[in-house]
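Containing compact mmCIF, C-alpha atoms and all ligand atoms: input-v6.txt.
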```txt
# COMPACT_ATOMS: atom_id res chain seq x y z
CA MET P 196 -53.35 -39.45 25.60
CA SER P 197 -56.08 -41.01 23.55
CA VAL P 198 -59.37 -41.80 25.22
CA GLY P 199 -59.09 -45.39 24.04
CA SER P 200 -56.07 -45.95 26.26
CA THR P 201 -57.83 -44.84 29.44
CA LYS P 202 -58.01 -47.62 32.04
CA VAL P 203 -60.16 -47.68 35.15
CA THR P 204 -59.89 -50.05 38.11
CA LEU P 205 -62.82 -50.07 40.52
CA SER P 206 -62.21 -50.65 44.21
CA PHE P 207 -64.78 -50.94 46.97
CA ASP P 208 -63.83 -50.18 50.57
CA ASN P 209 -65.31 -50.64 54.05
CA GLY P 210 -67.48 -53.71 53.36
CA PRO P 211 -68.62 -56.35 53.11
CA ASP P 212 -72.13 -55.16 53.79
CA PRO P 213 -74.88 -57.79 53.85
CA GLU P 214 -77.29 -55.54 51.95
CA VAL P 215 -75.07 -53.60 49.55
CA THR P 216 -72.23 -55.95 48.63
CA PRO P 217 -74.50 -58.58 46.99
CA ALA P 218 -75.96 -55.88 44.77
CA VAL P 219 -72.50 -54.59 43.85
CA LEU P 220 -71.39 -58.13 43.00
CA ASP P 221 -74.52 -58.63 40.88
CA ILE P 222 -73.82 -55.44 38.92
CA LEU P 223 -70.19 -56.39 38.33
CA GLN P 224 -71.16 -59.92 37.31
CA GLY P 225 -73.85 -58.67 34.94
CA ARG P 226 -71.39 -56.38 33.21
CA GLY P 227 -68.39 -58.68 33.23
CA VAL P 228 -66.25 -56.44 35.44
CA THR P 229 -63.70 -57.65 37.98
CA ALA P 230 -62.69 -55.27 40.75
CA GLN P 231 -60.93 -54.96 44.10
CA PHE P 232 -62.55 -55.08 47.55
CA TYR P 233 -60.80 -53.83 50.70
CA VAL P 234 -62.69 -55.26 53.65
CA LEU P 235 -62.87 -54.52 57.37
CA GLY P 236 -62.03 -57.17 59.92
CA LYS P 237 -64.90 -56.07 62.14
CA GLN P 238 -67.34 -57.11 59.42
CA LEU P 239 -65.92 -60.60 59.07
CA GLY P 240 -67.39 -61.92 62.32
CA ASP P 241 -70.68 -62.12 60.43
CA PRO P 242 -70.99 -65.40 58.49
CA ALA P 243 -73.00 -63.62 55.81
CA CYS P 244 -70.10 -61.23 55.26
CA ARG P 245 -67.61 -64.07 55.11
CA ARG P 246 -69.74 -65.71 52.42
CA LEU P 247 -69.65 -62.46 50.47
CA VAL P 248 -65.85 -62.50 50.59
CA GLU P 249 -65.95 -66.04 49.23
CA ARG P 250 -68.36 -65.01 46.50
CA ALA P 251 -66.14 -62.11 45.50
CA ARG P 252 -63.10 -64.39 45.50
CA ASP P 253 -64.84 -67.01 43.39
CA ALA P 254 -65.90 -64.35 40.89
CA GLY P 255 -62.27 -63.38 40.36
CA HIS P 256 -62.24 -60.16 42.33
CA VAL P 257 -59.25 -59.14 44.43
CA VAL P 258 -60.01 -59.02 48.17
CA GLY P 259 -57.64 -57.21 50.53
CA ASN P 260 -57.29 -55.95 54.10
CA HIS P 261 -58.51 -52.45 55.03
CA SER P 262 -57.89 -52.61 58.83
CA PHE P 263 -60.04 -54.11 61.56
CA SER P 264 -61.87 -51.17 63.08
CA HIS P 265 -61.36 -48.34 60.53
CA ALA P 266 -61.42 -45.97 63.50
CA VAL P 267 -58.11 -44.04 63.61
CA PRO P 268 -55.67 -43.87 60.66
CA LEU P 269 -52.53 -45.85 61.52
CA GLY P 270 -50.34 -42.75 61.29
CA GLN P 271 -52.40 -41.11 64.02
CA ASP P 272 -53.19 -44.14 66.17
CA PRO P 273 -51.56 -43.71 69.61
CA ARG P 274 -51.54 -47.45 70.36
CA PRO P 275 -47.99 -48.75 69.90
CA ASP P 276 -49.31 -52.06 68.61
CA ALA P 277 -51.98 -50.55 66.35
CA ALA P 278 -50.52 -52.09 63.20
CA GLU P 279 -50.52 -55.56 64.67
CA ILE P 280 -54.05 -55.15 66.02
CA GLU P 281 -55.56 -53.64 62.89
CA ILE P 282 -53.72 -55.52 60.16
CA ALA P 283 -53.04 -58.90 61.75
CA ALA P 284 -56.47 -59.31 63.32
CA THR P 285 -58.10 -58.74 59.95
CA GLU P 286 -55.65 -61.02 58.20
CA ALA P 287 -56.44 -63.82 60.65
CA LEU P 288 -60.05 -63.68 59.50
CA LEU P 289 -59.36 -63.01 55.84
CA ALA P 290 -56.53 -65.42 55.07
CA PRO P 291 -58.64 -68.60 55.41
CA LEU P 292 -61.06 -67.11 52.87
CA VAL P 293 -58.57 -65.51 50.51
CA PRO P 294 -55.22 -67.25 50.42
CA GLY P 295 -52.54 -65.74 48.27
CA PRO P 296 -50.86 -62.36 48.04
CA ARG P 297 -51.46 -60.09 51.02
CA ARG P 298 -52.77 -56.63 50.25
CA PHE P 299 -53.38 -53.79 52.69
CA ARG P 300 -55.06 -50.50 51.93
CA PRO P 301 -54.62 -47.86 54.64
CA PHE P 302 -57.52 -45.52 55.28
CA GLY P 303 -57.66 -41.84 55.99
CA GLY P 304 -60.84 -40.17 54.86
CA GLY P 305 -59.95 -40.09 51.18
CA GLY P 306 -56.83 -37.95 51.43
CA VAL P 307 -53.34 -39.31 50.85
CA GLY P 308 -51.00 -37.96 53.52
CA ARG P 309 -48.75 -38.73 56.44
CA HIS P 310 -51.71 -39.91 58.52
CA LEU P 311 -52.01 -43.09 56.45
CA LEU P 312 -49.24 -45.19 58.00
CA SER P 313 -46.78 -45.30 60.89
CA ARG P 314 -43.17 -46.47 60.64
CA ARG P 315 -44.17 -49.52 62.63
CA ALA P 316 -46.99 -50.25 60.20
CA VAL P 317 -44.56 -50.05 57.29
CA GLY P 318 -42.27 -52.45 59.13
CA TYR P 319 -45.17 -54.81 59.65
CA LEU P 320 -46.20 -54.71 56.00
CA VAL P 321 -42.64 -55.34 54.83
CA ALA P 322 -42.01 -58.13 57.32
CA HIS P 323 -45.17 -59.93 56.29
CA GLY P 324 -44.84 -59.56 52.55
CA TYR P 325 -47.72 -57.19 51.95
CA SER P 326 -48.43 -54.97 49.03
CA CYS P 327 -49.70 -51.55 50.07
CA ILE P 328 -52.44 -50.40 47.73
CA LEU P 329 -53.39 -46.72 47.59
CA TRP P 330 -55.65 -44.94 45.06
CA ASN P 331 -55.61 -41.92 42.79
CA SER P 332 -59.26 -40.91 42.64
CA VAL P 333 -61.90 -40.49 45.35
CA PRO P 334 -65.21 -39.23 43.92
CA ARG P 335 -66.71 -39.18 47.44
CA ASP P 336 -69.62 -41.47 46.77
CA TRP P 337 -70.50 -41.52 50.47
CA ILE P 338 -71.22 -37.80 50.40
CA ASP P 339 -72.90 -37.71 46.99
CA PRO P 340 -74.48 -41.08 46.10
CA ASP P 341 -76.24 -39.55 43.09
CA GLY P 342 -73.56 -37.25 41.74
CA TRP P 343 -70.29 -39.15 42.22
CA SER P 344 -70.52 -40.92 38.90
CA ALA P 345 -70.31 -37.82 36.68
CA ARG P 346 -67.40 -36.48 38.74
CA ALA P 347 -65.61 -39.82 38.54
CA LEU P 348 -66.03 -40.04 34.77
CA ALA P 349 -64.51 -36.60 34.32
CA ASP P 350 -61.63 -37.43 36.64
CA CYS P 351 -60.87 -40.77 34.97
CA ALA P 352 -60.35 -38.91 31.70
CA THR P 353 -57.45 -36.95 33.23
CA ARG P 354 -54.99 -39.86 33.61
CA PRO P 355 -54.08 -43.08 31.80
CA HIS P 356 -55.07 -45.41 34.64
CA THR P 357 -57.37 -44.51 37.51
CA LEU P 358 -57.76 -46.60 40.66
CA LEU P 359 -61.11 -45.40 41.89
CA VAL P 360 -62.17 -45.66 45.54
CA LEU P 361 -65.86 -46.44 46.03
CA HIS P 362 -67.70 -47.92 49.01
CA ASP P 363 -69.94 -51.01 49.16
CA THR P 364 -71.74 -49.54 52.14
CA PRO P 365 -75.25 -48.05 52.50
CA ASP P 366 -75.85 -44.66 50.84
CA ALA P 367 -72.66 -44.67 48.81
CA CYS P 368 -71.82 -45.86 45.29
CA LEU P 369 -74.58 -48.35 44.59
CA ALA P 370 -77.19 -46.18 42.88
CA GLY P 371 -74.68 -44.73 40.44
CA LEU P 372 -72.64 -47.84 39.75
CA PRO P 373 -74.46 -49.34 36.73
CA GLY P 374 -74.60 -45.97 35.03
CA PHE P 375 -70.95 -45.30 35.75
CA ILE P 376 -69.80 -48.58 34.22
CA ASP P 377 -71.97 -48.15 31.15
CA ALA P 378 -70.91 -44.53 30.61
CA ALA P 379 -67.25 -45.40 31.12
CA ARG P 380 -67.48 -48.02 28.41
CA GLU P 381 -69.35 -45.67 26.09
CA ARG P 382 -66.42 -43.30 26.42
CA GLY P 383 -64.01 -46.07 25.50
CA PHE P 384 -62.54 -46.51 28.96
CA GLU P 385 -61.28 -50.00 29.66
CA LEU P 386 -62.37 -51.50 32.98
CA VAL P 387 -59.50 -53.54 34.38
CA CYS P 388 -58.58 -55.08 37.74
CA ASP P 389 -54.89 -54.28 38.12
CA VAL P 390 -53.24 -51.54 40.19
CA PRO P 391 -51.47 -48.59 38.54
CA PRO P 392 -47.79 -48.74 39.58
CA ASP P 393 -47.96 -45.32 41.23
CA CYS P 394 -50.65 -46.63 43.60
CA ALA P 395 -48.54 -49.47 45.05
CA PRO P 396 -45.59 -48.09 47.06
CA ILE P 397 -44.94 -51.48 48.69
CA VAL P 398 -45.13 -54.63 46.53
CA GLY P 399 -44.85 -58.05 48.11
CA GLY P 400 -43.02 -56.62 51.12
CA ARG P 401 -40.60 -54.58 48.99
CA ILE P 402 -40.64 -50.79 49.25
CA VAL P 403 -40.64 -49.52 45.67
CA ALA P 404 -41.47 -45.83 46.15
CA GLU P 405 -40.66 -42.96 48.47
CA LEU P 406 -42.91 -43.35 51.52
CA ASP P 407 -42.34 -40.06 53.33
CA ALA P 408 -45.56 -38.57 52.01
CA ILE P 409 -47.69 -41.33 53.55
CA VAL P 410 -45.85 -42.16 56.81
CA ALA P 411 -46.16 -40.20 60.05
CA VAL P 412 -43.10 -38.70 61.70
CA ASP P 413 -42.45 -40.71 64.85
ZN ZN K 1 -62.10 -46.93 54.18
```

What does the file become when written as structure tokens?
Amino acid sequence: MSVGSTKVTLSFDNGPDPEVTPAVLDILQGRGVTAQFYVLGKQLGDPACRRLVERARDAGHVVGNHSFSHAVPLGQDPRPDAAEIEIAATEALLAPLVPGPRRFRPFGGGGVGRHLLSRRAVGYLVAHGYSCILWNSVPRDWIDPDGWSARALADCATRPHTLLVLHDTPDACLAGLPGFIDAARERGFELVCDVPPDCAPIVGGRIVAELDAIVAVD
């Protein structure tokens, strides 16, 4: 693998945040980068946050659904209607702002595992035409706001296309973001906005990969 073929897609989870997201959008705009944002329904009651979704949309970023409350991973949520509550309630707020393909990113503390989804959640995503968007690199910016960038650069060099999970929330990726983008480009990495195929097990409501590793046993 040559370094020149290394692609990196940035994604920002758990926002919008009225303080942090504008700064992230400014950095991306200043460097000509488009990225993906996976937002929480509970944030979208705030008009300022809804305007940030619109700003991201208008700048060409992808905006998707990351649950309403972000409290219990869907594969561990005891509520029988958790998928409907978490996914649909967010979609009701998001769809008027971001029409077009539906994208859902499950959450689970960074780790990919059977806690991410329930069978019922998979059924919901399929029935409603969602793509399910995972990730393949979590540099843990929320634990190490100063050091995540070096770790992420090293990790991006290990695969042809990295979908990086960052967070547009306080005390997470912001401080290291400009330096990360600049260093990635210096290394010849290409910053893109698409999803590596191995990070999208459901595409437009169609299951395209084995899901056992990310779906809880009923
Ligand atoms: Zn999250």

Compile the contact shell of Ser326 in chain P as a tab-separated table (two decimals) with C-alpha atoms, in the coordinates of the input: residues with an atom at most 10 Å away, counting only C-alpha atoms, same-chain residues fewer than 3 positions apart removed.
```tsv
chain	number	residue	atom	x	y	z
P	259	GLY	CA	-57.64	-57.21	50.53
P	296	PRO	CA	-50.86	-62.36	48.04
P	297	ARG	CA	-51.46	-60.09	51.02
P	298	ARG	CA	-52.77	-56.63	50.25
P	299	PHE	CA	-53.38	-53.79	52.69
P	300	ARG	CA	-55.06	-50.50	51.93
P	320	LEU	CA	-46.20	-54.71	56.00
P	321	VAL	CA	-42.64	-55.34	54.83
P	323	HIS	CA	-45.17	-59.93	56.29
P	329	LEU	CA	-53.39	-46.72	47.59
P	395	ALA	CA	-48.54	-49.47	45.05
P	396	PRO	CA	-45.59	-48.09	47.06
P	397	ILE	CA	-44.94	-51.48	48.69
P	398	VAL	CA	-45.13	-54.63	46.53
P	399	GLY	CA	-44.85	-58.05	48.11
P	400	GLY	CA	-43.02	-56.62	51.12
P	401	ARG	CA	-40.60	-54.58	48.99
P	402	ILE	CA	-40.64	-50.79	49.25
```

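Using only C-alpha atoms for every distance, the candidate list P:Gly342, P:Pro355, P:Pro213, P:Gly308 yields P:Pro213 as the residue closest to Leu247 in chain P.
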
Given 6 Å and all atoms listed in the file, residues near ligand ZN 1 (chain K) as a PDB file with C-alpha atoms, in the frame of the given file:
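Here's the written file out_7.pdb:
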```pdb
ATOM      1  CA  ASP P 208     -63.830 -50.180  50.570  1.00  0.00           C
ATOM      2  CA  ASN P 209     -65.310 -50.640  54.050  1.00  0.00           C
ATOM      3  CA  PHE P 302     -57.520 -45.520  55.280  1.00  0.00           C
TER       4      PHE P 302
END
```

Check your understanding: Which is closest to His362 in chain P among P:Lys202, P:His256, P:Arg346, P:His261, if we use all atoms listed in the file?
Key ->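 Residue with the minimum atom-to-atom distance to His362 in chain P: P:His261.
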
Practice item. Write out as a list in words which residues come within 10 Å of Gly304 in chain P when counting only C-alpha atoms, dropping same-chain ones fewer than 2 positions away. Key: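 Skipping anything fewer than 2 positions along the chain leaves His265, Val267, Pro268, Pro301, Phe302, Gly306, Val307, His310, Leu311, Val333 and Arg335 of chain P.
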
Go ahead and save the residues from that selection, with C-alpha atoms, as a tab-separated table (two decimals), keeping the file's coordinate frame.
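Contents of again_0.tsv, as written:
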```tsv
chain	number	residue	atom	x	y	z
P	265	HIS	CA	-61.36	-48.34	60.53
P	267	VAL	CA	-58.11	-44.04	63.61
P	268	PRO	CA	-55.67	-43.87	60.66
P	301	PRO	CA	-54.62	-47.86	54.64
P	302	PHE	CA	-57.52	-45.52	55.28
P	306	GLY	CA	-56.83	-37.95	51.43
P	307	VAL	CA	-53.34	-39.31	50.85
P	310	HIS	CA	-51.71	-39.91	58.52
P	311	LEU	CA	-52.01	-43.09	56.45
P	333	VAL	CA	-61.90	-40.49	45.35
P	335	ARG	CA	-66.71	-39.18	47.44
```

Point to revise | Near-Asp336 in chain P list (7 Å; all atoms listed in the file; drop same-chain fewer than 4 positions) as a ChimeraX atom specification | key: /P:340,343,361,367-368

Review point. Hey, which of P:Ala411, P:Ala349, P:Ala284, P:Val390 ends up closest to Ala230 in chain P? Count only C-alpha atoms.
Key: P:Val390

Check your understanding: In Å to one decimal, how far is CA of Asp407 in chain P from CA of Pro273 in chain P?
Key ->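 Computed distance, CA of Pro273 in chain P to CA of Asp407 in chain P, equals 19.1 Å.
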
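Counting only C-alpha atoms and comparing P:Ala378, P:Ala316, P:Leu269, P:Leu359, the residue that lies closest to Phe232 in chain P is P:Leu359.
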
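Going from CA of Ala347 in chain P to CA of Pro334 in chain P covers 5.4 Å.
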
Review point. Which residue, P:Pro217, P:Pro392, P:Gly303, P:Pro242, has the smallest gap to Asp363 in chain P when you use all atoms listed in the file?
Key: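 Selected residue with least distance to Asp363 in chain P: P:Pro217.
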
Point to revise | Given only C-alpha atoms as the counted atoms, nearest of P:Arg250, P:Val257, P:Leu289, P:Ser206 to Leu235 in chain P | key: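 That would be P:Leu289, the residue with the smallest distance to Leu235 in chain P.
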
**Study point:** Thr364 in chain P surroundings by all atoms listed in the file, 8 Å radius, close-in-sequence under 4 positions cut, as a PyMOL selection string
**Key:** chain P and resi 209-212+215-216+368

Could you work out an axis-aligned box for range 253-272 of chain P, taking every atom the file lists and adding 8 Å on each side, and report centre and edge lengths in Å to one decimal, as AutoDock Vina command-line options?
```
--center_x -58.1 --center_y -54.1 --center_z 53.3 --size_x 31.6 --size_y 41.9 --size_z 41.8
```

**Study point:** Point-to-point distance from CA of Glu249 in chain P to CA of Leu312 in chain P, Å rounded to tenths
**Key:**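 Separating CA of Glu249 in chain P from CA of Leu312 in chain P is a distance of 28.1 Å.
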
Neighbouring residues of Arg314 in chain P were defined as those with any atom within 12 Å, considering all atoms listed in the file; residues of the same chain fewer than 6 positions away were excluded. Please report them as a compact mmCIF listing (two decimals) with C-alpha atoms, in the coordinates of the input.
```
# COMPACT_ATOMS: atom_id res chain seq x y z
CA LEU P 269 -52.53 -45.85 61.52
CA GLY P 270 -50.34 -42.75 61.29
CA GLN P 271 -52.40 -41.11 64.02
CA ASP P 272 -53.19 -44.14 66.17
CA PRO P 275 -47.99 -48.75 69.90
CA ASP P 276 -49.31 -52.06 68.61
CA ALA P 277 -51.98 -50.55 66.35
CA ALA P 278 -50.52 -52.09 63.20
CA LEU P 320 -46.20 -54.71 56.00
CA VAL P 321 -42.64 -55.34 54.83
CA LEU P 406 -42.91 -43.35 51.52
CA ASP P 407 -42.34 -40.06 53.33
CA ALA P 408 -45.56 -38.57 52.01
CA ILE P 409 -47.69 -41.33 53.55
CA VAL P 410 -45.85 -42.16 56.81
CA ALA P 411 -46.16 -40.20 60.05
CA VAL P 412 -43.10 -38.70 61.70
CA ASP P 413 -42.45 -40.71 64.85
```

Because some atoms of range 202-223 of chain P are absent here, can you restore N, CA, C and O atoms and send them as a JSON list (two decimals), in the frame of the given file?
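File written: result-v3.json
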```json
[["chain", "number", "residue", "atom", "x", "y", "z"],
["P", 202, "LYS", "N", -57.62, -46.44, 31.26],
["P", 202, "LYS", "CA", -58.01, -47.62, 32.04],
["P", 202, "LYS", "C", -58.57, -47.19, 33.40],
["P", 202, "LYS", "O", -58.13, -46.20, 33.98],
["P", 203, "VAL", "N", -59.53, -47.96, 33.86],
["P", 203, "VAL", "CA", -60.16, -47.68, 35.15],
["P", 203, "VAL", "C", -60.24, -48.98, 35.95],
["P", 203, "VAL", "O", -60.76, -49.99, 35.45],
["P", 204, "THR", "N", -59.73, -48.94, 37.17],
["P", 204, "THR", "CA", -59.89, -50.05, 38.11],
["P", 204, "THR", "C", -60.83, -49.61, 39.21],
["P", 204, "THR", "O", -60.61, -48.56, 39.84],
["P", 205, "LEU", "N", -61.88, -50.38, 39.44],
["P", 205, "LEU", "CA", -62.82, -50.07, 40.52],
["P", 205, "LEU", "C", -62.36, -50.75, 41.80],
["P", 205, "LEU", "O", -61.97, -51.91, 41.79],
["P", 206, "SER", "N", -62.43, -50.02, 42.92],
["P", 206, "SER", "CA", -62.21, -50.65, 44.21],
["P", 206, "SER", "C", -63.30, -50.22, 45.17],
["P", 206, "SER", "O", -63.82, -49.11, 45.09],
["P", 207, "PHE", "N", -63.67, -51.15, 46.04],
["P", 207, "PHE", "CA", -64.78, -50.94, 46.97],
["P", 207, "PHE", "C", -64.27, -51.17, 48.40],
["P", 207, "PHE", "O", -63.80, -52.25, 48.74],
["P", 208, "ASP", "N", -64.37, -50.14, 49.22],
["P", 208, "ASP", "CA", -63.83, -50.18, 50.57],
["P", 208, "ASP", "C", -64.94, -50.26, 51.63],
["P", 208, "ASP", "O", -66.08, -49.87, 51.39],
["P", 209, "ASN", "N", -64.53, -50.71, 52.80],
["P", 209, "ASN", "CA", -65.31, -50.64, 54.05],
["P", 209, "ASN", "C", -66.39, -51.71, 54.18],
["P", 209, "ASN", "O", -67.14, -51.70, 55.13],
["P", 210, "GLY", "N", -66.52, -52.63, 53.24],
["P", 210, "GLY", "CA", -67.48, -53.71, 53.36],
["P", 210, "GLY", "C", -66.80, -54.92, 54.01],
["P", 210, "GLY", "O", -65.77, -54.76, 54.65],
["P", 211, "PRO", "N", -67.37, -56.11, 53.84],
["P", 211, "PRO", "CA", -68.62, -56.35, 53.11],
["P", 211, "PRO", "C", -69.81, -55.86, 53.90],
["P", 211, "PRO", "O", -69.79, -55.82, 55.13],
["P", 212, "ASP", "N", -70.87, -55.54, 53.18],
["P", 212, "ASP", "CA", -72.13, -55.16, 53.79],
["P", 212, "ASP", "C", -73.20, -56.15, 53.31],
["P", 212, "ASP", "O", -73.32, -56.36, 52.10],
["P", 213, "PRO", "N", -73.95, -56.72, 54.25],
["P", 213, "PRO", "CA", -74.88, -57.79, 53.85],
["P", 213, "PRO", "C", -75.94, -57.33, 52.87],
["P", 213, "PRO", "O", -76.48, -58.14, 52.11],
["P", 214, "GLU", "N", -76.26, -56.05, 52.87],
["P", 214, "GLU", "CA", -77.29, -55.54, 51.95],
["P", 214, "GLU", "C", -76.67, -55.06, 50.63],
["P", 214, "GLU", "O", -77.20, -55.32, 49.55],
["P", 215, "VAL", "N", -75.59, -54.31, 50.73],
["P", 215, "VAL", "CA", -75.07, -53.60, 49.55],
["P", 215, "VAL", "C", -74.12, -54.47, 48.72],
["P", 215, "VAL", "O", -74.18, -54.47, 47.48],
["P", 216, "THR", "N", -73.25, -55.21, 49.39],
["P", 216, "THR", "CA", -72.23, -55.95, 48.63],
["P", 216, "THR", "C", -72.84, -56.95, 47.63],
["P", 216, "THR", "O", -72.35, -57.07, 46.50],
["P", 217, "PRO", "N", -73.92, -57.68, 48.01],
["P", 217, "PRO", "CA", -74.50, -58.58, 46.99],
["P", 217, "PRO", "C", -74.95, -57.84, 45.74],
["P", 217, "PRO", "O", -74.79, -58.34, 44.62],
["P", 218, "ALA", "N", -75.50, -56.65, 45.93],
["P", 218, "ALA", "CA", -75.96, -55.88, 44.77],
["P", 218, "ALA", "C", -74.78, -55.40, 43.92],
["P", 218, "ALA", "O", -74.84, -55.42, 42.69],
["P", 219, "VAL", "N", -73.71, -54.99, 44.59],
["P", 219, "VAL", "CA", -72.50, -54.59, 43.85],
["P", 219, "VAL", "C", -71.96, -55.78, 43.05],
["P", 219, "VAL", "O", -71.62, -55.66, 41.86],
["P", 220, "LEU", "N", -71.91, -56.94, 43.70],
["P", 220, "LEU", "CA", -71.39, -58.13, 43.00],
["P", 220, "LEU", "C", -72.29, -58.50, 41.82],
["P", 220, "LEU", "O", -71.80, -58.91, 40.76],
["P", 221, "ASP", "N", -73.60, -58.34, 42.00],
["P", 221, "ASP", "CA", -74.52, -58.63, 40.88],
["P", 221, "ASP", "C", -74.25, -57.70, 39.70],
["P", 221, "ASP", "O", -74.24, -58.13, 38.54],
["P", 222, "ILE", "N", -74.06, -56.42, 39.99],
["P", 222, "ILE", "CA", -73.82, -55.44, 38.92],
["P", 222, "ILE", "C", -72.52, -55.77, 38.19],
["P", 222, "ILE", "O", -72.46, -55.76, 36.95],
["P", 223, "LEU", "N", -71.47, -56.07, 38.95],
["P", 223, "LEU", "CA", -70.19, -56.39, 38.33],
["P", 223, "LEU", "C", -70.30, -57.66, 37.48],
["P", 223, "LEU", "O", -69.79, -57.72, 36.35]]
```
